[in-house]
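Text of the file structure_17.cif, holding mmCIF, C-alpha atoms:
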```
data_entry
loop_
_atom_site.label_atom_id
_atom_site.label_comp_id
_atom_site.auth_asym_id
_atom_site.auth_seq_id
_atom_site.Cartn_x
_atom_site.Cartn_y
_atom_site.Cartn_z
CA MET A 10 -2.53 19.42 19.51
CA ARG A 11 -3.69 15.87 20.02
CA LEU A 12 -4.28 13.89 16.83
CA THR A 13 -6.23 10.65 16.51
CA ILE A 14 -5.79 8.50 13.39
CA LEU A 15 -8.66 6.12 12.67
CA GLY A 16 -7.39 3.31 10.51
CA GLY A 17 -4.16 3.59 12.46
CA GLY A 18 -2.99 0.23 11.16
CA GLY A 19 -3.20 1.50 7.59
CA PHE A 20 -0.20 1.12 5.32
CA ARG A 21 0.19 4.86 4.68
CA VAL A 22 0.02 5.98 8.31
CA PRO A 23 3.86 6.23 8.50
CA LEU A 24 3.68 9.02 5.90
CA VAL A 25 1.53 11.09 8.26
CA HIS A 26 3.89 10.28 11.12
CA ARG A 27 6.88 11.32 8.99
CA ALA A 28 5.26 14.69 8.27
CA LEU A 29 4.72 15.23 12.01
CA LEU A 30 8.35 14.38 12.76
CA ASP A 31 9.52 16.85 10.09
CA ASP A 32 7.19 19.62 11.25
CA PRO A 33 9.45 22.39 12.62
CA ALA A 34 6.59 23.72 14.74
CA ARG A 35 6.10 20.30 16.39
CA ALA A 36 2.44 21.21 16.64
CA VAL A 37 1.15 17.69 17.34
CA THR A 38 2.03 16.63 20.88
CA GLU A 39 0.47 13.14 20.84
CA VAL A 40 -0.84 10.71 18.26
CA THR A 41 -3.41 8.05 19.05
CA LEU A 42 -3.74 5.17 16.60
CA HIS A 43 -7.03 3.28 16.45
CA ASP A 44 -7.70 0.21 14.34
CA THR A 45 -9.99 -2.80 14.47
CA ASP A 46 -7.10 -5.12 13.48
CA PRO A 47 -4.65 -5.54 16.41
CA ARG A 48 -1.96 -7.13 14.24
CA ARG A 49 -1.89 -4.26 11.75
CA LEU A 50 -1.83 -1.80 14.64
CA ARG A 51 1.11 -3.66 16.19
CA VAL A 52 3.09 -3.72 12.94
CA ILE A 53 2.53 -0.05 12.08
CA SER A 54 3.43 0.90 15.65
CA ALA A 55 6.79 -0.85 15.13
CA VAL A 56 7.31 1.03 11.85
CA LEU A 57 6.65 4.36 13.58
CA GLU A 58 8.98 3.55 16.46
CA GLN A 59 11.83 2.77 14.07
CA GLN A 60 11.03 5.79 11.90
CA ALA A 61 11.29 8.05 14.94
CA ALA A 62 14.64 6.62 16.05
CA GLY A 63 17.24 9.35 16.16
CA HIS A 64 14.76 12.23 16.12
CA ALA A 65 15.40 14.70 18.91
CA HIS A 66 11.68 15.27 19.49
CA PRO A 67 9.72 12.13 18.58
CA VAL A 68 5.94 12.39 18.74
CA PRO A 69 4.48 10.15 21.45
CA VAL A 70 2.24 7.43 19.98
CA ARG A 71 -0.60 5.78 21.88
CA LEU A 72 -2.58 2.74 20.72
CA ALA A 73 -6.31 2.40 21.28
CA THR A 74 -8.67 -0.41 20.29
CA ASP A 75 -11.79 1.30 21.65
CA LEU A 76 -13.23 4.00 19.38
CA ASP A 77 -14.55 6.29 22.13
CA ASP A 78 -11.24 6.06 23.98
CA ALA A 79 -9.40 7.01 20.79
CA LEU A 80 -11.65 9.99 20.09
CA ARG A 81 -11.91 11.43 23.58
CA GLY A 82 -9.73 14.52 24.04
CA ALA A 83 -8.69 14.75 20.38
CA ASP A 84 -8.28 18.13 18.74
CA PHE A 85 -8.14 16.59 15.28
CA VAL A 86 -9.36 13.23 14.02
CA PHE A 87 -7.84 11.87 10.83
CA SER A 88 -10.15 9.24 9.34
CA ALA A 89 -8.44 6.86 6.90
CA ILE A 90 -10.33 3.60 7.35
CA ARG A 91 -10.75 0.79 4.82
CA VAL A 92 -13.96 -1.11 5.52
CA GLY A 93 -13.56 -4.69 4.33
CA GLY A 94 -9.79 -4.33 4.02
CA THR A 95 -7.91 -4.91 0.79
CA ALA A 96 -9.96 -8.07 0.21
CA GLY A 97 -13.03 -5.86 -0.08
CA ARG A 98 -11.28 -3.77 -2.71
CA VAL A 99 -10.46 -6.91 -4.68
CA ALA A 100 -14.17 -7.76 -4.88
CA ASP A 101 -15.14 -4.16 -5.69
CA GLU A 102 -12.86 -4.29 -8.73
CA ARG A 103 -13.33 -7.86 -9.94
CA ILE A 104 -17.14 -7.93 -9.87
CA PRO A 105 -17.55 -5.00 -12.31
CA LEU A 106 -14.71 -6.29 -14.50
CA SER A 107 -16.53 -9.61 -14.83
CA GLU A 108 -19.39 -7.63 -16.37
CA GLY A 109 -17.13 -5.78 -18.77
CA VAL A 110 -17.08 -2.41 -16.99
CA LEU A 111 -14.32 -0.69 -15.10
CA GLY A 112 -13.59 -1.78 -11.55
CA GLN A 113 -11.62 0.80 -9.55
CA GLU A 114 -11.45 1.76 -5.88
CA THR A 115 -13.14 5.17 -6.17
CA VAL A 116 -14.31 5.36 -9.78
CA GLY A 117 -17.19 3.59 -11.50
CA ALA A 118 -19.07 0.63 -10.08
CA GLY A 119 -16.16 -0.24 -7.77
CA GLY A 120 -16.37 3.19 -6.13
CA VAL A 121 -20.12 2.81 -5.61
CA LEU A 122 -19.70 -0.62 -4.01
CA TYR A 123 -16.97 0.72 -1.74
CA GLY A 124 -19.17 3.66 -0.75
CA LEU A 125 -22.12 1.39 0.08
CA ARG A 126 -19.94 -0.61 2.45
CA THR A 127 -18.10 2.35 3.99
CA ILE A 128 -20.71 5.04 4.58
CA PRO A 129 -22.54 3.29 7.47
CA VAL A 130 -19.23 2.89 9.34
CA ALA A 131 -18.23 6.49 8.60
CA LEU A 132 -21.55 7.72 9.94
CA ARG A 133 -21.05 5.79 13.17
CA ILE A 134 -17.64 7.42 13.53
CA ALA A 135 -19.20 10.84 12.95
CA GLU A 136 -21.84 10.18 15.59
CA ARG A 137 -19.28 9.05 18.17
CA ALA A 138 -17.02 12.02 17.38
CA ALA A 139 -19.95 14.39 17.88
CA ALA A 140 -20.74 12.70 21.20
CA VAL A 141 -17.30 12.37 22.83
CA ALA A 142 -15.15 14.93 20.96
CA PRO A 143 -17.57 17.67 19.91
CA ASP A 144 -14.81 20.28 19.55
CA ALA A 145 -12.61 18.10 17.34
CA TRP A 146 -12.14 18.70 13.63
CA VAL A 147 -12.51 15.56 11.52
CA ILE A 148 -10.22 15.33 8.49
CA ASN A 149 -11.52 12.66 6.13
CA PHE A 150 -9.28 10.74 3.78
CA THR A 151 -11.47 7.64 3.72
CA ASN A 152 -12.43 6.80 0.15
CA PRO A 153 -14.54 7.50 -1.78
CA ALA A 154 -13.59 10.77 -0.09
CA GLY A 155 -16.25 13.05 -1.57
CA MET A 156 -19.31 10.98 -0.82
CA VAL A 157 -17.99 9.83 2.58
CA THR A 158 -17.32 13.45 3.58
CA GLU A 159 -20.82 14.42 2.42
CA ALA A 160 -22.37 11.64 4.50
CA MET A 161 -20.35 12.59 7.60
CA ALA A 162 -21.27 16.25 7.15
CA GLU A 163 -24.91 15.35 7.78
CA VAL A 164 -23.80 14.70 11.37
CA LEU A 165 -20.78 16.98 11.80
CA GLY A 166 -21.63 19.88 9.49
CA ASP A 167 -18.61 21.96 8.53
CA ARG A 168 -16.41 20.30 11.19
CA VAL A 169 -15.60 17.51 8.75
CA ILE A 170 -13.29 18.38 5.86
CA GLY A 171 -12.21 15.97 3.15
CA ILE A 172 -8.68 15.92 1.73
CA CYS A 173 -6.99 14.32 -1.27
CA ASP A 174 -3.43 14.42 -2.59
CA SER A 175 -4.27 14.37 -6.32
CA PRO A 176 -5.13 18.10 -6.77
CA VAL A 177 -2.08 19.46 -4.92
CA GLY A 178 0.16 17.09 -6.87
CA LEU A 179 -1.36 18.32 -10.15
CA VAL A 180 -0.84 21.97 -9.20
CA ARG A 181 2.77 21.45 -8.20
CA ARG A 182 3.65 19.44 -11.30
CA ALA A 183 1.94 21.95 -13.61
CA ALA A 184 3.69 24.89 -11.93
CA ARG A 185 7.10 23.28 -12.34
CA ALA A 186 6.37 22.49 -15.99
CA ALA A 187 5.41 26.13 -16.54
CA GLY A 188 8.67 27.29 -14.96
CA ALA A 189 7.06 28.68 -11.81
CA ASP A 190 7.60 28.14 -8.10
CA PRO A 191 4.77 25.81 -6.93
CA ASP A 192 4.64 27.74 -3.65
CA ALA A 193 4.22 31.10 -5.42
CA VAL A 194 1.20 30.44 -7.66
CA THR A 195 -2.53 30.76 -7.18
CA TYR A 196 -4.99 28.59 -9.04
CA ASP A 197 -8.60 27.87 -9.94
CA TYR A 198 -9.45 24.22 -9.32
CA VAL A 199 -13.00 22.88 -9.01
CA GLY A 200 -14.90 19.61 -9.30
CA LEU A 201 -15.72 16.62 -7.15
CA ASN A 202 -13.20 14.29 -5.54
CA HIS A 203 -11.29 12.49 -8.31
CA LEU A 204 -13.27 14.54 -10.86
CA GLY A 205 -11.80 18.04 -11.03
CA TRP A 206 -9.99 20.45 -13.33
CA LEU A 207 -7.15 22.93 -12.92
CA ARG A 208 -8.42 25.88 -14.98
CA SER A 209 -5.94 28.65 -14.22
CA LEU A 210 -2.42 28.85 -12.81
CA THR A 211 -1.50 32.40 -11.92
CA THR A 212 1.83 33.93 -10.96
CA GLY A 213 2.16 37.40 -9.48
CA ASP A 214 -0.33 39.15 -7.23
CA ALA A 215 -3.59 37.44 -8.11
CA GLU A 216 -5.36 39.34 -5.32
CA ARG A 217 -5.14 42.55 -7.34
CA ALA A 218 -7.29 42.52 -10.45
CA GLY A 219 -5.24 42.18 -13.62
CA SER A 220 -1.90 41.96 -11.86
CA GLY A 221 -1.39 38.20 -12.13
CA ARG A 222 -0.44 36.28 -15.29
CA ASP A 223 -2.17 33.02 -16.14
CA LEU A 224 0.47 30.48 -17.12
CA LEU A 225 -1.97 27.75 -18.13
CA PRO A 226 -2.72 28.79 -21.75
CA GLU A 227 0.99 28.81 -22.61
CA LEU A 228 1.51 25.47 -20.89
CA LEU A 229 -1.42 23.89 -22.74
CA ALA A 230 0.04 25.12 -26.05
CA ASP A 231 3.49 23.64 -25.38
CA PRO A 232 3.67 19.89 -26.18
CA VAL A 233 7.22 19.61 -24.84
CA ALA A 234 6.31 21.13 -21.47
CA LEU A 235 3.17 18.97 -21.27
CA GLY A 236 5.27 15.89 -21.91
CA SER A 237 7.45 16.69 -18.90
CA PHE A 238 4.92 15.74 -16.18
CA GLU A 239 2.45 13.00 -15.36
CA GLU A 240 -0.90 14.51 -16.35
CA GLY A 241 0.56 15.85 -19.61
CA ARG A 242 1.75 12.38 -20.61
CA LEU A 243 -1.40 10.71 -19.32
CA PHE A 244 -3.90 12.77 -21.35
CA GLY A 245 -1.72 13.88 -24.27
CA ALA A 246 -1.03 17.36 -25.60
CA GLU A 247 -3.70 17.27 -28.30
CA TRP A 248 -6.54 16.46 -25.91
CA LEU A 249 -5.38 18.86 -23.21
CA HIS A 250 -5.15 21.73 -25.68
CA ALA A 251 -8.64 20.95 -26.94
CA LEU A 252 -9.96 20.62 -23.40
CA GLY A 253 -8.48 23.95 -22.27
CA ALA A 254 -7.81 22.70 -18.73
CA LEU A 255 -5.67 20.19 -16.84
CA PRO A 256 -7.83 17.34 -15.51
CA ASN A 257 -7.29 15.40 -12.31
CA GLU A 258 -5.51 12.15 -13.17
CA TYR A 259 -8.62 10.11 -12.33
CA LEU A 260 -10.50 11.69 -15.25
CA HIS A 261 -8.42 9.40 -17.45
CA TYR A 262 -10.94 6.70 -16.58
CA TYR A 263 -13.70 8.88 -18.08
CA TYR A 264 -11.98 10.45 -21.09
CA PHE A 265 -10.16 7.26 -22.12
CA ARG A 266 -12.55 4.66 -20.74
CA ARG A 267 -12.13 2.19 -23.62
CA GLU A 268 -8.35 2.23 -23.52
CA THR A 269 -8.15 2.07 -19.73
CA LEU A 270 -10.65 -0.79 -19.48
CA ALA A 271 -8.72 -2.76 -22.08
CA SER A 272 -5.47 -2.14 -20.21
CA VAL A 273 -6.99 -3.30 -16.90
CA GLN A 274 -8.46 -6.41 -18.54
CA GLU A 275 -5.09 -7.27 -20.09
CA SER A 276 -3.11 -6.76 -16.88
CA ASP A 277 -1.93 -9.72 -14.82
CA GLU A 278 -4.06 -8.62 -11.87
CA PRO A 279 -6.21 -5.60 -10.93
CA ARG A 280 -4.67 -2.95 -8.69
CA GLY A 281 -6.64 -4.12 -5.65
CA ALA A 282 -5.40 -7.70 -6.02
CA PHE A 283 -1.82 -6.47 -6.31
CA LEU A 284 -2.13 -4.36 -3.15
CA ASP A 285 -3.87 -7.18 -1.27
CA ARG A 286 -1.01 -9.52 -2.10
CA GLN A 287 1.72 -6.92 -1.56
CA GLN A 288 0.42 -5.57 1.75
CA GLY A 289 -0.45 -9.03 3.01
CA GLY A 290 3.15 -10.04 2.40
CA PHE A 291 4.44 -6.94 4.16
CA PHE A 292 2.32 -7.41 7.29
CA ASP A 293 3.21 -11.12 7.47
CA ALA A 294 6.94 -10.43 7.14
CA ALA A 295 6.95 -7.46 9.53
CA ASP A 296 4.97 -9.37 12.13
CA ARG A 297 7.47 -12.24 11.99
CA ASP A 298 10.47 -9.89 12.17
CA PRO A 299 9.41 -6.64 13.91
CA ALA A 300 13.00 -5.36 13.97
CA GLN A 301 12.85 -5.02 10.16
CA ALA A 302 9.39 -3.43 10.05
CA TYR A 303 10.50 -0.01 8.83
CA ALA A 304 12.87 -1.34 6.16
CA LEU A 305 10.18 -3.69 4.89
CA TRP A 306 7.63 -0.87 4.85
CA GLU A 307 9.90 1.51 2.91
CA ARG A 308 10.66 -1.14 0.29
CA THR A 309 6.96 -1.98 -0.08
CA ARG A 310 5.97 1.69 -0.23
CA LEU A 311 8.36 2.41 -3.08
CA GLU A 312 7.00 -0.52 -5.10
CA ARG A 313 3.48 0.73 -4.43
CA GLU A 314 4.32 4.21 -5.73
CA GLU A 315 6.11 2.86 -8.80
CA THR A 316 3.00 0.91 -9.84
CA TYR A 317 0.43 3.66 -9.09
CA MET A 318 -2.10 3.99 -11.97
CA ALA A 319 -0.01 1.54 -13.98
CA GLU A 320 -2.92 0.55 -16.25
CA SER A 321 -3.64 4.17 -17.20
CA ARG A 322 0.04 4.79 -17.91
CA GLU A 323 0.13 1.67 -20.05
CA ALA A 324 -2.99 2.82 -21.91
CA SER A 325 -1.34 6.17 -22.67
CA GLY A 326 1.85 4.76 -24.15
CA GLY A 327 3.63 3.11 -21.24
CA TRP A 328 5.97 5.27 -19.20
CA GLN A 329 7.56 5.31 -15.77
CA ARG A 330 6.77 7.77 -12.99
CA ASP A 331 9.29 10.54 -12.31
CA SER A 332 11.50 10.09 -9.25
CA CYS A 333 10.05 13.24 -7.64
CA ASP A 334 6.60 11.62 -7.73
CA LEU A 335 7.73 8.53 -5.83
CA GLU A 336 8.01 10.20 -2.43
CA GLY A 337 4.50 9.09 -1.56
CA GLY A 338 1.91 10.90 0.44
CA GLY A 339 0.99 14.46 -0.31
CA TYR A 340 -2.22 14.15 1.64
CA ASP A 341 -0.10 14.05 4.81
CA ARG A 342 1.26 17.51 4.05
CA VAL A 343 -2.23 18.77 3.19
CA ALA A 344 -3.51 17.43 6.52
CA LEU A 345 -0.68 19.08 8.44
CA ALA A 346 -1.21 22.42 6.67
CA LEU A 347 -4.94 22.17 7.39
CA MET A 348 -4.34 21.50 11.10
CA HIS A 349 -1.89 24.39 11.37
CA ALA A 350 -4.29 26.77 9.64
CA ILE A 351 -7.17 25.92 11.97
CA ALA A 352 -5.23 25.63 15.22
CA HIS A 353 -3.23 28.84 14.74
CA ASP A 354 -5.68 30.82 12.55
CA ARG A 355 -3.01 30.83 9.86
CA ARG A 356 -4.84 31.96 6.73
CA THR A 357 -4.04 29.30 4.14
CA ARG A 358 -5.41 28.33 0.75
CA LEU A 359 -5.86 24.60 0.14
CA ILE A 360 -7.86 22.40 -2.24
CA LEU A 361 -10.33 20.59 -0.01
CA ASN A 362 -13.63 18.69 -0.02
CA VAL A 363 -16.20 20.94 1.64
CA ARG A 364 -19.85 21.91 1.38
CA ASN A 365 -20.56 23.84 -1.78
CA GLY A 366 -22.49 26.82 -0.41
CA THR A 367 -22.87 29.08 -3.46
CA THR A 368 -19.61 28.17 -5.23
CA VAL A 369 -21.30 26.07 -7.92
CA PRO A 370 -24.85 27.48 -8.21
CA ALA A 371 -26.17 24.40 -10.03
CA LEU A 372 -25.42 22.18 -7.01
CA ALA A 373 -27.18 22.16 -3.64
CA PRO A 374 -25.50 24.18 -0.88
CA GLU A 375 -24.87 21.02 1.19
CA ALA A 376 -23.32 19.08 -1.71
CA VAL A 377 -19.63 18.42 -1.08
CA ILE A 378 -17.32 19.65 -3.82
CA GLU A 379 -13.53 19.74 -4.20
CA THR A 380 -12.24 23.28 -4.66
CA VAL A 381 -9.92 26.01 -3.45
CA CYS A 382 -10.71 27.07 0.11
CA GLU A 383 -9.43 29.64 2.54
CA VAL A 384 -8.76 28.05 5.92
CA GLY A 385 -8.52 29.66 9.32
CA ALA A 386 -9.69 29.13 12.89
CA GLY A 387 -13.29 28.87 11.74
CA GLY A 388 -12.59 26.08 9.29
CA ALA A 389 -12.57 26.00 5.49
CA THR A 390 -14.54 28.38 3.28
CA PRO A 391 -14.79 27.65 -0.46
CA LEU A 392 -13.68 30.57 -2.62
CA PRO A 393 -15.63 31.82 -5.65
CA CYS A 394 -14.57 30.18 -8.90
CA ALA A 395 -14.97 30.96 -12.57
CA PRO A 396 -18.14 29.55 -14.19
CA LEU A 397 -17.92 25.90 -15.13
CA ARG A 398 -17.98 24.87 -18.77
CA ALA A 399 -20.96 22.77 -19.84
CA ASP A 400 -18.89 19.58 -20.12
CA GLN A 401 -17.41 20.07 -16.64
CA LEU A 402 -20.75 20.87 -15.01
CA GLY A 403 -22.47 18.00 -16.81
CA LEU A 404 -20.05 15.44 -15.42
CA MET A 405 -20.25 16.97 -11.95
CA LEU A 406 -24.06 16.86 -11.94
CA GLN A 407 -24.18 13.26 -13.10
CA LEU A 408 -21.58 12.08 -10.59
CA LYS A 409 -23.21 14.05 -7.77
CA ALA A 410 -26.47 12.22 -8.52
CA VAL A 411 -24.53 8.94 -8.23
CA GLU A 412 -22.98 10.04 -4.92
CA ARG A 413 -26.31 11.14 -3.44
CA ALA A 414 -27.98 7.88 -4.47
CA THR A 415 -25.11 5.91 -2.91
CA VAL A 416 -25.47 7.78 0.39
CA GLU A 417 -29.25 7.21 0.33
CA ALA A 418 -28.80 3.51 -0.38
CA ALA A 419 -26.20 3.09 2.37
CA VAL A 420 -28.16 4.96 5.02
CA PHE A 421 -31.61 3.50 4.32
CA LYS A 422 -30.57 0.07 2.95
CA ASP A 423 -32.47 1.04 -0.20
CA ARG A 424 -31.81 -1.36 -3.10
CA GLU A 425 -33.50 0.89 -5.66
CA ALA A 426 -31.22 3.77 -4.69
CA ALA A 427 -28.20 1.45 -4.98
CA LEU A 428 -29.35 0.32 -8.44
CA ARG A 429 -29.82 3.94 -9.45
CA ALA A 430 -26.33 4.83 -8.20
CA LEU A 431 -24.74 2.07 -10.26
CA ALA A 432 -26.83 2.46 -13.41
CA LEU A 433 -26.48 6.26 -13.58
CA HIS A 434 -22.71 6.13 -13.40
CA PRO A 435 -21.25 7.09 -16.80
CA LEU A 436 -18.84 4.14 -16.67
CA VAL A 437 -21.67 1.60 -16.29
CA ASP A 438 -23.35 1.11 -19.66
CA SER A 439 -26.56 -0.72 -18.79
CA PRO A 440 -29.09 -0.96 -15.93
CA ALA A 441 -29.06 -4.73 -16.46
CA VAL A 442 -25.31 -4.78 -15.86
CA ALA A 443 -25.83 -2.60 -12.77
CA ALA A 444 -28.43 -5.04 -11.41
CA ARG A 445 -26.11 -8.02 -11.90
CA ILE A 446 -23.21 -6.20 -10.20
CA LEU A 447 -25.46 -5.35 -7.26
CA ALA A 448 -26.69 -8.94 -6.96
CA ARG A 449 -23.15 -10.37 -7.04
CA ALA A 450 -21.94 -7.87 -4.48
CA ALA A 451 -24.75 -8.92 -2.12
CA ASP A 452 -23.85 -12.64 -2.33
#
```
As structure tokens - that is how I would like this structure written.
Amino acid sequence: MRLTILGGGGFRVPLVHRALLDDPARAVTEVTLHDTDPRRLRVISAVLEQQAAGHAHPVPVRLATDLDDALRGADFVFSAIRVGGTAGRVADERIPLSEGVLGQETVGAGGVLYGLRTIPVALRIAERAAAVAPDAWVINFTNPAGMVTEAMAEVLGDRVIGICDSPVGLVRRAARAAGADPDAVTYDYVGLNHLGWLRSLTTGDAERAGSGRDLLPELLADPVALGSFEEGRLFGAEWLHALGALPNEYLHYYYFRRETLASVQESDEPRGAFLDRQQGGFFDAADRDPAQAYALWERTRLEREETYMAESREASGGWQRDSCDLEGGGYDRVALALMHAIAHDRRTRLILNVRNGTTVPALAPEAVIETVCEVGAGGATPLPCAPLRADQLGLMLQLKAVERATVEAAVFKDREAALRALALHPLVDSPAVAARILARAAD
């Protein structure tokens, strides 16, 4: 298999490369890295070369600065671009915060601003992929992953599949807390990207009616077990028991919006500013001393993981991440499993961002949702799920309206649609605030 990574100069690309090196099947025979920033491409190439040192079967890496050249001949295209770079993220977060509402990369007004900037570029990528690599499967990790995947699907249909590492991390942590093997459970997870819920966690033969045992009710009733993993500490035992489900970590911004906003406002710098400074320092240092590129990257990566969602952790009592959650990635393993399943028709169940079909009847068939899918040579098919509770469906419908308005605004340069996207978001409390955010972002 030939894999092309768009955004090949991205900081987390070495995690994907590491997964390929550790793949016993050695399914990927060549990786092509494409990026619009030659310096970042050069630095990450040095990291990969040093990471592969000593491996008996390193994966050949090719660099490409031309998009069509990078896409041509690819079997899979992994899209992980960041339009506007980390400086763009800084603005996406600071502009909303200046108006007293949450600024975050994928959530709230910051997510809408990021989507407006990213979707036109993602659509161009989809069009070029359809033209020069029509048989390739596009795996999208570009944020905001749900709305970007939905926009790309208007060109590529079901040949674009969105991935995220949050749901699989939640499932694995919950399974361990319940005393089960994470690789031996089935689960019901549904929502939108960064807005989903784990609603059952079954051990035993879930394929045969009544033969599996749902571990989730016992877990939700056990404060000690809930306190043993990230989401349990983040949301608290009382709220999780009342909610009757385990939310994706990003729902902390919605359920505890006041506390999280206060924590962000009190922090020394927003997450985007920290990453802009941290990654800028890494690329400067690694470019000056390429021989130390991998060591510098590993040190920077660990610091990045240690500070992940720091404001939300501070808002929920202040606690450190477990060592097992500092490995980084997760999406790299999801991507590899997805490629294996398609290329070898290996029937696999994964939580993915795909077109809804009839899974959630209240949403349009073409709306992209995040749910459990069965994957094989024909791609990913969403599985039926239990009916959504009113609170879950209500949030999904409101956020889907925001996503659709963002896509419309990005495609047609429609200011009214952009205003609607911002003002309808549940984390933006006034159309007047939305209008000011939009005006400042356009300056």
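Counting only C-alpha atoms, A:Thr368 has the following residues at most 7 Å away, ignoring those fewer than 4 positions along the same chain: Pro391, Leu392, Pro393 and Cys394 of chain A.
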Output for the residues just chosen: C-alpha atoms as a tab-separated table (two decimals), in the coordinates of the input:
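And here is the file that came out, selection39.tsv:
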```tsv
chain	number	residue	atom	x	y	z
A	391	PRO	CA	-14.79	27.65	-0.46
A	392	LEU	CA	-13.68	30.57	-2.62
A	393	PRO	CA	-15.63	31.82	-5.65
A	394	CYS	CA	-14.57	30.18	-8.90
```
How far is it from atom CA of A:Arg267 to atom CA of A:Leu447, in Å with one decimal?
22.4 Å
Picked residues, the PyMOL selection byres ((chain A and resi 113) around 12), expected as an NGL selection string:
:A and (97-106 or 110-112 or 114-124 or 152-153 or 203 or 259 or 262-263 or 266 or 269-270 or 273-274 or 279-282 or 318 or 320-321 or 436)
Since we have the selection now, will you write its residues out, keeping C-alpha atoms, as a CSV table (one decimal), in the frame of the given file?
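Full text of selection.csv as output:
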```csv
chain,number,residue,atom,x,y,z
A,97,GLY,CA,-13.0,-5.9,-0.1
A,98,ARG,CA,-11.3,-3.8,-2.7
A,99,VAL,CA,-10.5,-6.9,-4.7
A,100,ALA,CA,-14.2,-7.8,-4.9
A,101,ASP,CA,-15.1,-4.2,-5.7
A,102,GLU,CA,-12.9,-4.3,-8.7
A,103,ARG,CA,-13.3,-7.9,-9.9
A,104,ILE,CA,-17.1,-7.9,-9.9
A,105,PRO,CA,-17.6,-5.0,-12.3
A,106,LEU,CA,-14.7,-6.3,-14.5
A,110,VAL,CA,-17.1,-2.4,-17.0
A,111,LEU,CA,-14.3,-0.7,-15.1
A,112,GLY,CA,-13.6,-1.8,-11.6
A,114,GLU,CA,-11.4,1.8,-5.9
A,115,THR,CA,-13.1,5.2,-6.2
A,116,VAL,CA,-14.3,5.4,-9.8
A,117,GLY,CA,-17.2,3.6,-11.5
A,118,ALA,CA,-19.1,0.6,-10.1
A,119,GLY,CA,-16.2,-0.2,-7.8
A,120,GLY,CA,-16.4,3.2,-6.1
A,121,VAL,CA,-20.1,2.8,-5.6
A,122,LEU,CA,-19.7,-0.6,-4.0
A,123,TYR,CA,-17.0,0.7,-1.7
A,124,GLY,CA,-19.2,3.7,-0.8
A,152,ASN,CA,-12.4,6.8,0.2
A,153,PRO,CA,-14.5,7.5,-1.8
A,203,HIS,CA,-11.3,12.5,-8.3
A,259,TYR,CA,-8.6,10.1,-12.3
A,262,TYR,CA,-10.9,6.7,-16.6
A,263,TYR,CA,-13.7,8.9,-18.1
A,266,ARG,CA,-12.6,4.7,-20.7
A,269,THR,CA,-8.2,2.1,-19.7
A,270,LEU,CA,-10.6,-0.8,-19.5
A,273,VAL,CA,-7.0,-3.3,-16.9
A,274,GLN,CA,-8.5,-6.4,-18.5
A,279,PRO,CA,-6.2,-5.6,-10.9
A,280,ARG,CA,-4.7,-3.0,-8.7
A,281,GLY,CA,-6.6,-4.1,-5.6
A,282,ALA,CA,-5.4,-7.7,-6.0
A,318,MET,CA,-2.1,4.0,-12.0
A,320,GLU,CA,-2.9,0.6,-16.2
A,321,SER,CA,-3.6,4.2,-17.2
A,436,LEU,CA,-18.8,4.1,-16.7
```
For atom CA of A:Leu359 and atom CA of A:Ala187, determine how far apart the two atoms are, in Å to one decimal place.
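Those two atoms sit 20.2 Å apart.
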Just so the selection is clear, what residues does the PyMOL selection byres ((chain A and resi 140) around 12) cover here, as a ChimeraX atom specification?
/A:76-78,80-82,133-139,141-145,164-165
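Using all atoms listed in the file, the smallest distance between any of A:Ala346, A:Glu108, A:Ala295, A:Gly200 and A:Ala448 comes from A:Glu108.
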Would you kindly translate the PyMOL selection byres ((chain A and resi 196) around 12) into the concrete residues it picks from this file, as JSON, numbers by chain?
{"A": [176, 177, 179, 180, 181, 183, 184, 191, 192, 193, 194, 195, 197, 198, 199, 206, 207, 208, 209, 210, 211, 212, 213, 214, 215, 216, 221, 222, 223, 224, 225, 254, 255, 358, 359, 360, 380, 381, 382, 392, 393, 394, 395]}
Among listed residues A:Ala234, A:Leu431, A:Val377, A:Ala162, nearest A:Ala186 (using all atoms listed in the file)
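Looking at the shortest contact to A:Ala186, the residue is A:Ala234.
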With a distance cut-off of 8 Å and all atoms listed in the file, select the neighbouring residues of A:Phe292, excluding the residue or stretch itself and same-chain residues fewer than 3 positions from it, and output the selection as a list of chain:residue names.
A:Arg49, A:Val52, A:Gln288, A:Gly289, A:Ala295, A:Asp296
Do a neighbour search on A:Thr357 at 12 Å with all atoms listed in the file, toss out local chain neighbours closer than 3 positions, and write the hits as a list in words.
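In the requested format, the answer is Asp192, Thr195, Val343, Leu345, Ala346, Leu347, Met348, His349, Ala350, Ile351, Ala352, His353, Asp354, Ile360, Leu361, Val381, Cys382, Glu383, Val384, Gly385, Ala386, Gly387, Gly388, Ala389, Thr390, Pro391 and Leu392 of chain A.
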List as number ranges by chain the residues having at least one atom at most 9 Å from position (-2.5, 5.8, 17.6) as given in the file, counting all atoms listed in the file.
A: 12-18, 39-44, 50, 54, 70-73, 79
Computed gap from atom CA of A:Phe87 to atom CA of A:Phe150 is 7.3 Å
Please provide the set of residues having any atom within 8 Å of A:Leu57, restricted to all atoms listed in the file, with same-chain residues fewer than 2 positions apart removed, written as a ChimeraX atom specification.
/A:23,26,53-55,59-61,303
Using all atoms listed in the file for the distances, tell me which of A:Asp400, A:Glu312, A:Arg355, A:Phe244 is nearest to A:Gly326.
A:Phe244
Between A:Ala230, A:Ala294, A:Val130, A:Ala430, single out the one closest to A:Ala418, counting only C-alpha atoms.
A:Ala430
Can you work out which one of A:Ile378, A:Arg413, A:Pro396, A:Gln287 has the shortest atom-to-atom distance to A:Arg310, counting only C-alpha atoms?
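Of A:Ile378, A:Arg413, A:Pro396, A:Gln287, the one nearest A:Arg310, counting only C-alpha atoms, is A:Gln287.
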